[in-house]
Structures are given as C-alpha cells and as structure tokens.
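Q: Here it is, the structure in full.
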Amino acid sequence: MSGATDHSRRRRTPKMYMVESEHKVQDQLEGAIRLPRGSLCQVQEGGRGEQLWVKVLDSGSVVKIDRQVLLEVPADLASILEPMSDPESRFQMFYKPQQLQRLANLPLGAELWVKLGQSEELAEGVLRYRGNLRSGSNAVYFGVQLKGWAMGKGSSNGSHKGQQFFQCPEACAVFVAANRLVLPPRASSPGKEAAGRHSYGQTAMLPRTADSAPAVGQRVCFLMGEGLEAGVVRFCGLLPGKAALGPFVGIQLDSPVGSWDGWFKDEQLCSMPTPQHGLLLPVSKVSPEPRTQHNPRPPPNLKHTRNPPPPPVSKLQAPPSPTTIDQSRGPSRPPGPLSPSRCRGEVGGDQEEQAGSEAGPEAGLEAGLEVGSMVEVNDPPLFGVIRWIGQISGIAEPVAGLELDQELTAATDGSYLGERHFRCPANKGLFVKLRNCRRDSRFPAPEAPTNQVERCNSIAFAEWGSERVEENTPPVYGEEARELYSGRKRGIQGHLNSCYLDASLFSLFSCCSSVDWVMLCPSGPEDGPHRRHAQDLLRCEIVNPLRRYGYVCASKTMALRRILEAESSDTGFTSQEKDPEEFLNNLFQLLKVESLLKIRSVNLQTQECHLYQLFPPAAPPPPSPTVASTPSSPPLLPPSPNARLRVASVQTLLETSFVHMGLKFAEAPSCLPLLMPRFGKEYKMFDAILPSLSLDITDLLDDTLRQCSICQSVAEWECSQCYEDRDITPGCLKQYCHICNTQVHTHRKRLSHKPVRVGVPGGPWAGPVQGTRQRLALFAVTCIQTSHYVSFVKHGPLPTDWLLFDSMADREGGENGFNVPQVRACPEVSRYLSLSEEELGRLDPASLPGPARRLLCDAHMCLYHSPQLSLYK
C-alpha cells in the first residue's frame, strides 16, 4: 500500500502559484530578475519551507522565491491563465474565478466577442475549440471563428502549426487566451433579479439580457425619472464600433421626451419622426409593455416615496438617490448595491442616465477614462482613481472600480459580491458604472491628440522625448554597451505597431557599424528633400542618440515612418503592422544606397537585392531510426528515435538554398540579412533554427579559389547532385580537382551526375590552396511571436554578450499611455547557440528558457556582417 501511495505522489501535478506583488530575485547567471505581479510559477521538487524553488512559466527561469509573495492557483484555473502573455492581465483575471469558470464551461458554438490585434478591436465570433495546442501542454486556448466584418482578419483556417482543430474559411479563425475574450451578459440570478425590481402598480421592471432582446416593432416600456414611458422598437442590435457595450434598442416614443434622431456616429440606425420622439437605450433598460398598460405614464399618486438617503456604498443595485452624504454613520442595513446612476446625487439622475446617446452609457468611454484616470463621482464629489474597468455579471455596461482618496464606511477593499477585481485599503473601494465617472475637476483635462499617429507629437509625450545628436557617434561595445542599454526606457520606444521598425533599427545600428555607410553617403543634386530628410533623421535623431544615450523616443521613428509612407505606395507605414523586410527595402530605396547583395544565377546574370530569403527544398518524410537520413535537403530531424524538434542551422539552410537554386555571391557582402524559411506569422518550416555564430561563405563565392573537397587542391569542378549523395558526407558542398572529379563520377551510381566547371581566377593553379576561409559573423537576430517583433543583439566578444530588446516590453497608462522599451542582458542564450543541430534537436522544447526559446523557435531574420569589408563601403 505504501508503495502505491509513493507512486501516486510522484505523479502528482506540481502546484502552481502566482506572484502577488512585484518581486525581485537574484540569480547567479542572470543577475537580478524582476517578476511582475501575475507571473505564473510552477513549484519544483522539494518545495518546502519559507522559500520555494519555482519555474517562472513566462521566462523559463528557475528561481528561489519567498512563499509569502505567492498565491496558490488551482490547477484548472492555472491552465486557463497560463497562455496570457501579460502578467497584469493574468493577475486581474485570477480574481474573477466566476468568469474563468464560465469560460471553462462555455459550450462550443457559443457566441462571444474576441479582441483582435494590439488595438484590441472587438469582433464577433463563435467558439469552435477549447484546449491545448500542443501535446504535453496544459495551457488552454480558445479557437474562435470570426463573423461579420472580422471575416478574413484572422490568422488561420482552424489549424495551428499544421494541426487542424476545426474547419472554417481561410483567415477566419484565431486562437487566443482567455483575456482576449469578452462574454455576452447573462441573466442575473433570481435573488438578484428580485432585489433589482422597481414596482409601479402592477408593473415590474426586470433587467433584460441579450438573450431576451426585443424585436423591431415590439412595444416596450422603461423608467424615466419617476415615471414610466413606452414606445415601439425601431432598432435593436450592437452599436457600430461599440460592441463591448452590448446590444441597444432605438425606441420611437409615445411622448416627446426623447433626444435621439436615429443616427449614431454618422450612421443611421433607423428613422425617427423627430428627435423628441427618439431614444437610444441599453437593452437591459427596457421590458415588454404589459398588455393591461394603457397609460404610459403612471398617475401622480403612484409615485413611490423615498426613505432618508443612506450613505453611498460600493455595490451596483439601485437604492434611494442620495442628495447628501453622511460619512459619520454606517448603513442602516447590510450594504446593498448602489446604482452608479445615483452617484451624481441628482433627483433627475435617471432621466439624465436614460436620455440620448450624448449622455448614454458610453459617456465615460468617450471622455477617454481608463485605468489610472483620476475621477470624481457624486455631488458633492468623491475623488479617486480608476483601478479596474470591466464587466460585472448582471450589469450590461462597463463598470469602474475606484480607489477613493478617503475612506467610506460602505466601501470595500476592491471586492464586489465576494469577487475581487483589484486591491486597495479597506473602505476605499467603490464600484460605479463607468459613464457616471467624471474627470477630477481639481486638475486640468489632458490635451487629447487628434489621433494615435499624431500622439507622438502631443505635449504629453514631452517627458518621453529624446535629444538630437549631430556628431557622428560610433557604436558602443562589450561591457560599455551592456551598461548603456540595459534597463527600462532603453532602446527605441514603440508606438502604434512600430515593433517591426524598432527591432530592425536596433539590430542594425545599436552595436554594429557595418551599415553606417547608408547614413553617410553624400546626397547629389538629383536627390529629393525626402531622401536628405530621411538620412538626417536616421543619423541625428535615431542612431546617434541611441548610441550616446541608449534611448530614442517614438516621435523620432514616427517622423521616419511618415516619410516612408509619403514615398511609398503603401499607406500603412505609420499605423499598420509590417515586416522588417518591407521596412528595410523601402528605407534603402528611399536612401538610394547601393544594394547590399550581388548574387549571380546559373545563367551568369547578376541580381542585386538588400535581403535574401532562404528557400530550402520540401522536406522528405522523417527517416527511420535504423536508416541513414537522405541528404536531399537539410536534416529536418536528427537520425535518432528520440528526436523532438525539426532543426536546421543557418549555415545548412544557406548552402542548401544556393545549391538548389544554382546561385553564387558575385562578391562577398559586408552585411548579409537572411530571412528564415517561414511563411506568415504562424507557419514555420522548422520547429527551431540554429543561428550559426559564424557563416562560412567561401564555397558560395563566384570567381574565387576553392579547395577540392577531397584532396584540398584547387577545385575545378562542382556538382550539386553530389550534395544529395549520402555516401560522401551528405549535406556538404562538393567541389573537386580534375582527378578527384573523374574518380568520383566514374562510380556507377554517379554516372548521371552533371558536374560543372568552376572558374579559376588568374588561370591554372598548381598545388594546394592555402587561402583563408571567408566567414561572416552573426551580430543580430530579429524574432517574431504573436505579431510582435523583438531583437537579440551581440554586444561584445564574449559568447555570453547578448542583449534582448523589446520596444513594447511594458506600458504606463492604458490606451492613452506610453509603451516602455526595455533591454536586458540574456547571457543564457549562449549555451544553446553553441549546440549542434543534433544536440538541439534532442532537447525538450519545454525545457528551453523563455529568451532561448524565442531566439531559436521564432527567428525571422538573421543578420551577418564582415567588419573588414564594411570599411570599403
């Protein structure tokens, strides 16, 4: 029995914890590690005592952390929280167990909304899949089929990395974490409905939900002030661009007490005889008109009397409207929900709440209020800061959680009906509808930019600005580079989908001078003002300040993006997601610089370009463990039954691509940008690509002395078919002297080969070749993960000298806040870059630390250079 017990203990799932508040731990290799609150941790073996060894799932780091800063997470919730990339969002969701359980139990086929892209625009969709996306993982993702305007905006047809989870049209599916979903409102529990009723004679006003939305032409009634109004539904549905607010109804009123003309944001939803007979309301505010109802307005003697006003409390159900606040005494009954519509303390508060779209449920949103905004409610006002915005069951519109400046007897510590939404001191948490919040009148309203493109030039951006540097500044290197760049607010600040540009510029210029000549080429009289302006911006506003101060603000890169957009037929450079190759090609064309690469094809035609896309041939079936792999392509799987990753090195990919395309470098490049073989942001041909630290291009050069692969004499022949021959070192370039070529191709297996003659510069050459190999060094790798680019940069001579740059690593404020760029040293990637393809292929992908996994599995572009050759540019 004891043996069985021990076995069950060994198989027990490790406990999961969440970091409750921001915490720093010290690691011998990585130094100080900052763990933001919401970081998810898996306890390791022997986790006892006041400190636990845990694996941080976001980064893969194994650290020792105090138990007191950890919150235990149930296993079923941990699987839903794990896919969330933002720790703060994960922390907020952790305190919504009811919402998480609802997501976990949501039936397939349920309708919901999904947040798309970095702008988080809401799109309608249908849940088609819920579960993990790869074997061995407990992370639960949600597969959603997009509907309406979002069709074609997705990333797949229901498949993920080659595995089909459901069927739908191309680009109509997304796989997202739980925090990217918005659920429709559901009916309140019977107890809450009973508490929320307002009786007027025989008529009971009950909250409505999307499931019981009225039909067009149906008669409905609703409360306005202290009376009852009625009318006919002329519109029912979601408001354009405001799907998060839920469904609305447009009503043609019996009485002229309205203020809506049937239009919403330049779109006509229905026709109204006059604005006085029109009203736009949330569907939760109306109910079917009772058949016995004849007079839409109750007689005066049906007006209900009000008790003396209790103090305002932090719930959301409507008590009597307070006109004064007595904070010296507690509530006369247990704290009941307070409708935020009453927080203004006006007798006609409901009328203001109901009337028209200008004062409707989106008022708080239109005012630009967000988490962190300083606001006031009530009159006389209560002041506080918005700590949380979201949906609460039974409330159809957004709710704000405030941390008040002063304590209020009926307030909470950030909980509502037993569910925590944020943390604050006791008696300072107040929940109100967002539209009833006003900006704090004690401070001037912030200047609102016209749009996000213009935001970089707003006054609010001043403290994030960077200086102009006229003097040419060489890049820093080694320890000096690490000290200059490491930390928050370092690198290039991201803004409005600029990560493709930020990562490319940081990779090219932060610690390398091989491409500096593009900034220094003198302009000619035929060059337009855009070319000179772009060169000046690149040199004096971006590269020089980056190398001197370690930071460049987003307004500088936005100026460059404007020029690119003006010069290009593509109008999306200032706001849309792009790829680094699009940016670099357009930048170099704008600067009118010489092409980085000159490549000669088999017909001796030379083509010029700035980047080279690696196109290896199609992969064969995985080899049997007992049979040597066929070298018809790069080895996608090591010849081992335990192989887990399809791996290829950049050296192998480049050679294979050139051999099968019949290409040679017409001259050795000073800088070689290589695009990895992946198509789009999702599909990758390899599970991992090993960026070769040194790239040997000697045998890929045209018109240069090369060694015979067998005897090291001068090569006179080369054979691409021998590259695929597994009997003579498969996967390597084959070139021969005259004697070796004759011997190799006399074999009956190779009689069909067609070797081609290699030109020998300077005429015939006798004896061995003693020349040095032509090699390029890796200096940066740009990676993409979930539509976001980051870059790894080699900053010094040591194998561990690597930096990881993210232009949008953090954020201060909400939608109107600012991205915080961050650079951090990541010496741990060096141990993986030194592995062979076979060694890397045998690793468990889950064992890779976060930065190493990102570098090896998400590589998009590898940058190589020859510092000696760059001097000639």
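As shown in the structure tokens, the chain order sets the letters A, B, ...; within each chain, residues go from 1, and ligands are also counted from 1 in the order they appear.
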Find the residues around Tyr95 of chain A up to 7 Å (only C-alpha atoms counted), leave out those fewer than 4 positions away in its own chain, and share them as a PyMOL selection string.

A: chain A and resi 419-421

Q: Quick one: of A:Glu667, A:Glu121, A:Asp699, A:Asp266, who's nearest to Glu655 of chain A, counting only C-alpha atoms?

A: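 Selected residue with least distance to Glu655 of chain A: A:Asp699.
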
Q: Write out as a ChimeraX atom specification all residues of segment 78-125 of chain A that backbone DSSP assigns to helix (DSSP H, G or I).

A: /A:78-81,87-94,97-104

Q: Please identify all polymer residues within 7 Å of segment 155-163 of chain A, counting only C-alpha atoms, omitting same-chain residues fewer than 3 positions from it, and present them as a PyMOL selection string.

A: chain A and resi 166-174+682-683

Q: Can you write out the residues you just picked, keeping N, CA, C and O atoms, as a CSV table (one decimal), in the first residue's frame?

A:
chain,number,residue,atom,x,y,z
A,166,PHE,N,-10.4,22.7,-36.0
A,166,PHE,CA,-11.8,22.8,-36.5
A,166,PHE,C,-11.7,23.4,-37.9
A,166,PHE,O,-10.6,23.9,-38.4
A,167,GLN,N,-12.8,23.3,-38.7
A,167,GLN,CA,-12.8,23.8,-40.1
A,167,GLN,C,-13.5,25.1,-40.2
A,167,GLN,O,-14.6,25.3,-39.6
A,168,CYS,N,-12.9,26.0,-41.0
A,168,CYS,CA,-13.6,27.3,-41.3
A,168,CYS,C,-12.9,27.9,-42.5
A,168,CYS,O,-11.8,27.4,-42.8
A,169,PRO,N,-13.4,28.9,-43.1
A,169,PRO,CA,-12.7,29.5,-44.3
A,169,PRO,C,-11.4,30.1,-43.9
A,169,PRO,O,-11.1,30.4,-42.7
A,170,GLU,N,-10.5,30.3,-44.9
A,170,GLU,CA,-9.1,30.8,-44.6
A,170,GLU,C,-9.2,32.2,-44.0
A,170,GLU,O,-10.0,33.0,-44.3
A,171,ALA,N,-8.3,32.4,-43.0
A,171,ALA,CA,-8.2,33.7,-42.3
A,171,ALA,C,-9.4,34.1,-41.6
A,171,ALA,O,-9.7,35.3,-41.4
A,172,CYS,N,-10.2,33.1,-41.1
A,172,CYS,CA,-11.4,33.4,-40.4
A,172,CYS,C,-11.3,32.8,-38.9
A,172,CYS,O,-12.3,32.8,-38.2
A,173,ALA,N,-10.2,32.4,-38.5
A,173,ALA,CA,-10.0,31.8,-37.2
A,173,ALA,C,-8.9,32.4,-36.5
A,173,ALA,O,-7.9,32.8,-37.1
A,174,VAL,N,-9.0,32.5,-35.1
A,174,VAL,CA,-7.9,32.9,-34.3
A,174,VAL,C,-7.9,32.0,-33.1
A,174,VAL,O,-8.9,31.4,-32.6
A,682,GLU,N,2.5,32.6,-38.6
A,682,GLU,CA,2.2,31.3,-37.9
A,682,GLU,C,3.0,30.2,-38.4
A,682,GLU,O,3.7,29.5,-37.7
A,683,TYR,N,3.0,29.9,-39.7
A,683,TYR,CA,3.5,28.7,-40.2
A,683,TYR,C,5.1,28.7,-40.3
A,683,TYR,O,5.6,29.7,-40.9

Q: Fewer than 4 positions away in the same chain doesn't count, so skip those; otherwise give me all residues within 10 Å of Gly478 of chain A, counting only C-alpha atoms, as a PyMOL selection string.

A: chain A and resi 482-483+511+794-798+801-802

Q: Output N, CA, C and O atoms for every residue in that selection, as a compact mmCIF listing (two decimals), in the first residue's frame.

A:
# COMPACT_ATOMS: atom_id res chain seq x y z
N ARG A 482 26.51 46.97 -22.61
CA ARG A 482 25.56 46.38 -21.66
C ARG A 482 25.08 47.41 -20.64
O ARG A 482 23.90 47.49 -20.30
N GLU A 483 26.00 48.22 -20.13
CA GLU A 483 25.64 49.23 -19.14
C GLU A 483 24.80 50.33 -19.76
O GLU A 483 23.89 50.87 -19.12
N CYS A 511 24.90 48.15 -31.89
CA CYS A 511 26.25 47.69 -31.53
C CYS A 511 27.09 47.33 -32.75
O CYS A 511 28.11 46.65 -32.62
N LYS A 794 24.22 40.90 -30.48
CA LYS A 794 25.53 40.54 -29.93
C LYS A 794 26.27 41.84 -29.62
O LYS A 794 26.56 42.63 -30.51
N HIS A 795 26.56 42.07 -28.33
CA HIS A 795 27.10 43.37 -27.95
C HIS A 795 28.57 43.33 -27.55
O HIS A 795 29.13 44.36 -27.14
N GLY A 796 29.23 42.17 -27.64
CA GLY A 796 30.63 42.09 -27.24
C GLY A 796 31.28 40.83 -27.75
O GLY A 796 30.65 39.98 -28.41
N PRO A 797 32.57 40.64 -27.43
CA PRO A 797 33.30 39.49 -27.97
C PRO A 797 33.05 38.19 -27.24
O PRO A 797 33.34 37.12 -27.79
N LEU A 798 32.53 38.25 -26.03
CA LEU A 798 32.33 37.02 -25.26
C LEU A 798 31.11 36.25 -25.76
O LEU A 798 30.15 36.86 -26.25
N ASP A 801 27.77 37.59 -24.47
CA ASP A 801 27.44 39.00 -24.70
C ASP A 801 26.24 39.13 -25.63
O ASP A 801 26.37 39.40 -26.83
N TRP A 802 25.04 38.94 -25.07
CA TRP A 802 23.81 39.06 -25.85
C TRP A 802 22.81 39.95 -25.11
O TRP A 802 22.68 39.87 -23.88

Q: Write out as a PyMOL selection string the residues lying within 8 Å of segment 772-784 of chain A, counting only C-alpha atoms and excluding same-chain residues fewer than 6 positions away.

A: chain A and resi 503-504+507-508+512+681+691-698+790-795+854-855+858-866

Q: Keeping N, CA, C and O atoms for every residue in the selection just given, could you write it to a file as a CSV table (one decimal), in the first residue's frame?

A:
chain,number,residue,atom,x,y,z
A,503,ALA,N,12.7,47.0,-33.9
A,503,ALA,CA,13.6,45.8,-33.8
A,503,ALA,C,14.7,45.8,-34.9
A,503,ALA,O,15.8,45.5,-34.7
A,504,SER,N,14.3,46.3,-36.1
A,504,SER,CA,15.2,46.3,-37.2
A,504,SER,C,16.3,47.3,-37.0
A,504,SER,O,17.5,47.1,-37.2
A,507,SER,N,18.7,46.3,-34.2
A,507,SER,CA,19.6,45.2,-34.6
A,507,SER,C,20.7,45.8,-35.5
A,507,SER,O,21.9,45.4,-35.4
A,508,LEU,N,20.4,46.7,-36.4
A,508,LEU,CA,21.4,47.1,-37.4
A,508,LEU,C,22.4,48.1,-36.8
A,508,LEU,O,23.6,48.0,-37.2
A,512,CYS,N,26.7,47.8,-33.9
A,512,CYS,CA,27.4,47.4,-35.2
A,512,CYS,C,27.4,48.6,-36.1
A,512,CYS,O,26.5,49.4,-36.2
A,681,LYS,N,3.0,34.8,-40.1
A,681,LYS,CA,3.3,34.9,-38.7
A,681,LYS,C,3.1,33.6,-38.0
A,681,LYS,O,3.5,33.4,-36.8
A,691,PRO,N,20.8,29.8,-35.3
A,691,PRO,CA,21.6,30.8,-35.9
A,691,PRO,C,23.1,30.5,-35.8
A,691,PRO,O,23.7,30.6,-34.7
A,692,SER,N,23.8,30.2,-36.9
A,692,SER,CA,25.2,29.9,-36.9
A,692,SER,C,26.0,31.1,-36.5
A,692,SER,O,25.8,32.2,-37.1
A,693,LEU,N,26.8,31.0,-35.5
A,693,LEU,CA,27.6,32.1,-35.0
A,693,LEU,C,28.5,32.6,-36.0
A,693,LEU,O,28.8,33.8,-36.1
A,694,SER,N,29.1,31.7,-36.9
A,694,SER,CA,30.0,32.0,-37.9
A,694,SER,C,29.5,31.4,-39.2
A,694,SER,O,29.2,30.2,-39.2
A,695,LEU,N,29.3,32.2,-40.3
A,695,LEU,CA,28.8,31.7,-41.5
A,695,LEU,C,29.9,31.7,-42.6
A,695,LEU,O,30.4,32.7,-43.0
A,696,ASP,N,30.2,30.5,-43.0
A,696,ASP,CA,31.3,30.3,-44.0
A,696,ASP,C,30.7,30.4,-45.4
A,696,ASP,O,29.9,29.5,-45.8
A,697,ILE,N,31.1,31.4,-46.1
A,697,ILE,CA,30.5,31.6,-47.5
A,697,ILE,C,31.6,31.4,-48.6
A,697,ILE,O,31.4,31.7,-49.7
A,698,THR,N,32.8,30.8,-48.2
A,698,THR,CA,33.9,30.7,-49.1
A,698,THR,C,33.4,29.9,-50.4
A,698,THR,O,33.7,30.4,-51.5
A,790,VAL,N,10.9,41.4,-31.7
A,790,VAL,CA,11.9,41.8,-30.7
A,790,VAL,C,13.2,41.4,-31.4
A,790,VAL,O,13.3,40.8,-32.5
A,791,SER,N,14.3,41.9,-30.8
A,791,SER,CA,15.6,41.6,-31.4
A,791,SER,C,16.7,41.2,-30.4
A,791,SER,O,16.6,41.7,-29.2
A,792,PHE,N,17.5,40.2,-30.7
A,792,PHE,CA,18.7,39.8,-30.0
A,792,PHE,C,19.9,40.4,-30.6
A,792,PHE,O,20.1,40.2,-31.9
A,793,VAL,N,20.8,41.0,-29.9
A,793,VAL,CA,21.9,41.7,-30.4
A,793,VAL,C,23.2,41.2,-29.7
A,793,VAL,O,23.2,41.2,-28.5
A,794,LYS,N,24.2,40.9,-30.5
A,794,LYS,CA,25.5,40.5,-29.9
A,794,LYS,C,26.3,41.8,-29.6
A,794,LYS,O,26.6,42.6,-30.5
A,795,HIS,N,26.6,42.1,-28.3
A,795,HIS,CA,27.1,43.4,-27.9
A,795,HIS,C,28.6,43.3,-27.6
A,795,HIS,O,29.1,44.4,-27.1
A,854,ARG,N,12.6,31.8,-27.6
A,854,ARG,CA,12.2,32.9,-28.5
A,854,ARG,C,13.2,33.0,-29.6
A,854,ARG,O,12.9,33.2,-30.8
A,855,LEU,N,14.5,33.0,-29.3
A,855,LEU,CA,15.6,33.1,-30.2
A,855,LEU,C,15.6,31.9,-31.2
A,855,LEU,O,15.8,32.1,-32.4
A,858,ASP,N,11.5,31.3,-32.9
A,858,ASP,CA,10.8,32.4,-33.5
A,858,ASP,C,11.7,33.3,-34.4
A,858,ASP,O,11.3,34.4,-34.7
A,859,ALA,N,12.8,32.8,-34.8
A,859,ALA,CA,13.7,33.6,-35.6
A,859,ALA,C,13.1,34.0,-36.9
A,859,ALA,O,12.5,33.2,-37.6
A,860,HIS,N,13.2,35.3,-37.3
A,860,HIS,CA,12.6,35.8,-38.5
A,860,HIS,C,13.7,36.3,-39.5
A,860,HIS,O,13.6,36.0,-40.7
A,861,MET,N,14.7,36.9,-38.9
A,861,MET,CA,15.8,37.4,-39.8
A,861,MET,C,17.1,37.4,-39.0
A,861,MET,O,17.1,37.8,-37.9
A,862,CYS,N,18.1,36.8,-39.6
A,862,CYS,CA,19.5,36.7,-39.0
A,862,CYS,C,20.4,37.7,-39.8
A,862,CYS,O,20.4,37.7,-41.0
A,863,LEU,N,21.1,38.5,-39.1
A,863,LEU,CA,22.0,39.5,-39.7
A,863,LEU,C,23.5,39.1,-39.4
A,863,LEU,O,23.9,38.9,-38.3
A,864,TYR,N,24.2,39.0,-40.6
A,864,TYR,CA,25.6,38.7,-40.5
A,864,TYR,C,26.4,39.9,-41.1
A,864,TYR,O,25.9,40.6,-42.0
A,865,HIS,N,27.7,40.0,-40.7
A,865,HIS,CA,28.5,41.1,-41.3
A,865,HIS,C,30.0,40.7,-41.3
A,865,HIS,O,30.4,39.7,-40.6
A,866,SER,N,30.7,41.4,-42.1
A,866,SER,CA,32.2,41.3,-42.2
A,866,SER,C,32.7,42.7,-41.8
A,866,SER,O,32.7,43.6,-42.7

Q: Just want the 10 Å neighbourhood of segment 108-115 of chain A, counted on only C-alpha atoms, with same-chain residues fewer than 2 positions away dropped. Output as an NGL selection string.

A: :A and (105-106 or 117-130 or 142-147 or 150 or 174-185 or 243-244)

Q: Skipping near chain neighbours, those fewer than 2 positions away, what residues fall within 6 Å of segment 75-87 of chain A using only C-alpha atoms, listed as number ranges by chain?

A: A: 38-39, 73, 89-90, 138-140, 177

Q: So what do you get for atom CA of Leu537 of chain A versus atom CA of Tyr477 of chain A, distance-wise?

A: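 If I compute the distance from atom CA of Leu537 of chain A to atom CA of Tyr477 of chain A, I get 23.2 Å.
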
Q: Check the smallest atom-to-atom distance from each of A:Met661, A:Ile563, A:Cys826, A:Leu597 to Pro849 of chain A using only C-alpha atoms, then report the winner.

A: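 Among A:Met661, A:Ile563, A:Cys826, A:Leu597, it is A:Cys826 that comes nearest to Pro849 of chain A.
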
Q: Give me, please, the distance in Å between atom CA of Arg234 of chain A and atom CA of Val220 of chain A, quoted to one decimal.

A: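 For atom CA of Arg234 of chain A relative to atom CA of Val220 of chain A, the distance reads 10.9 Å.
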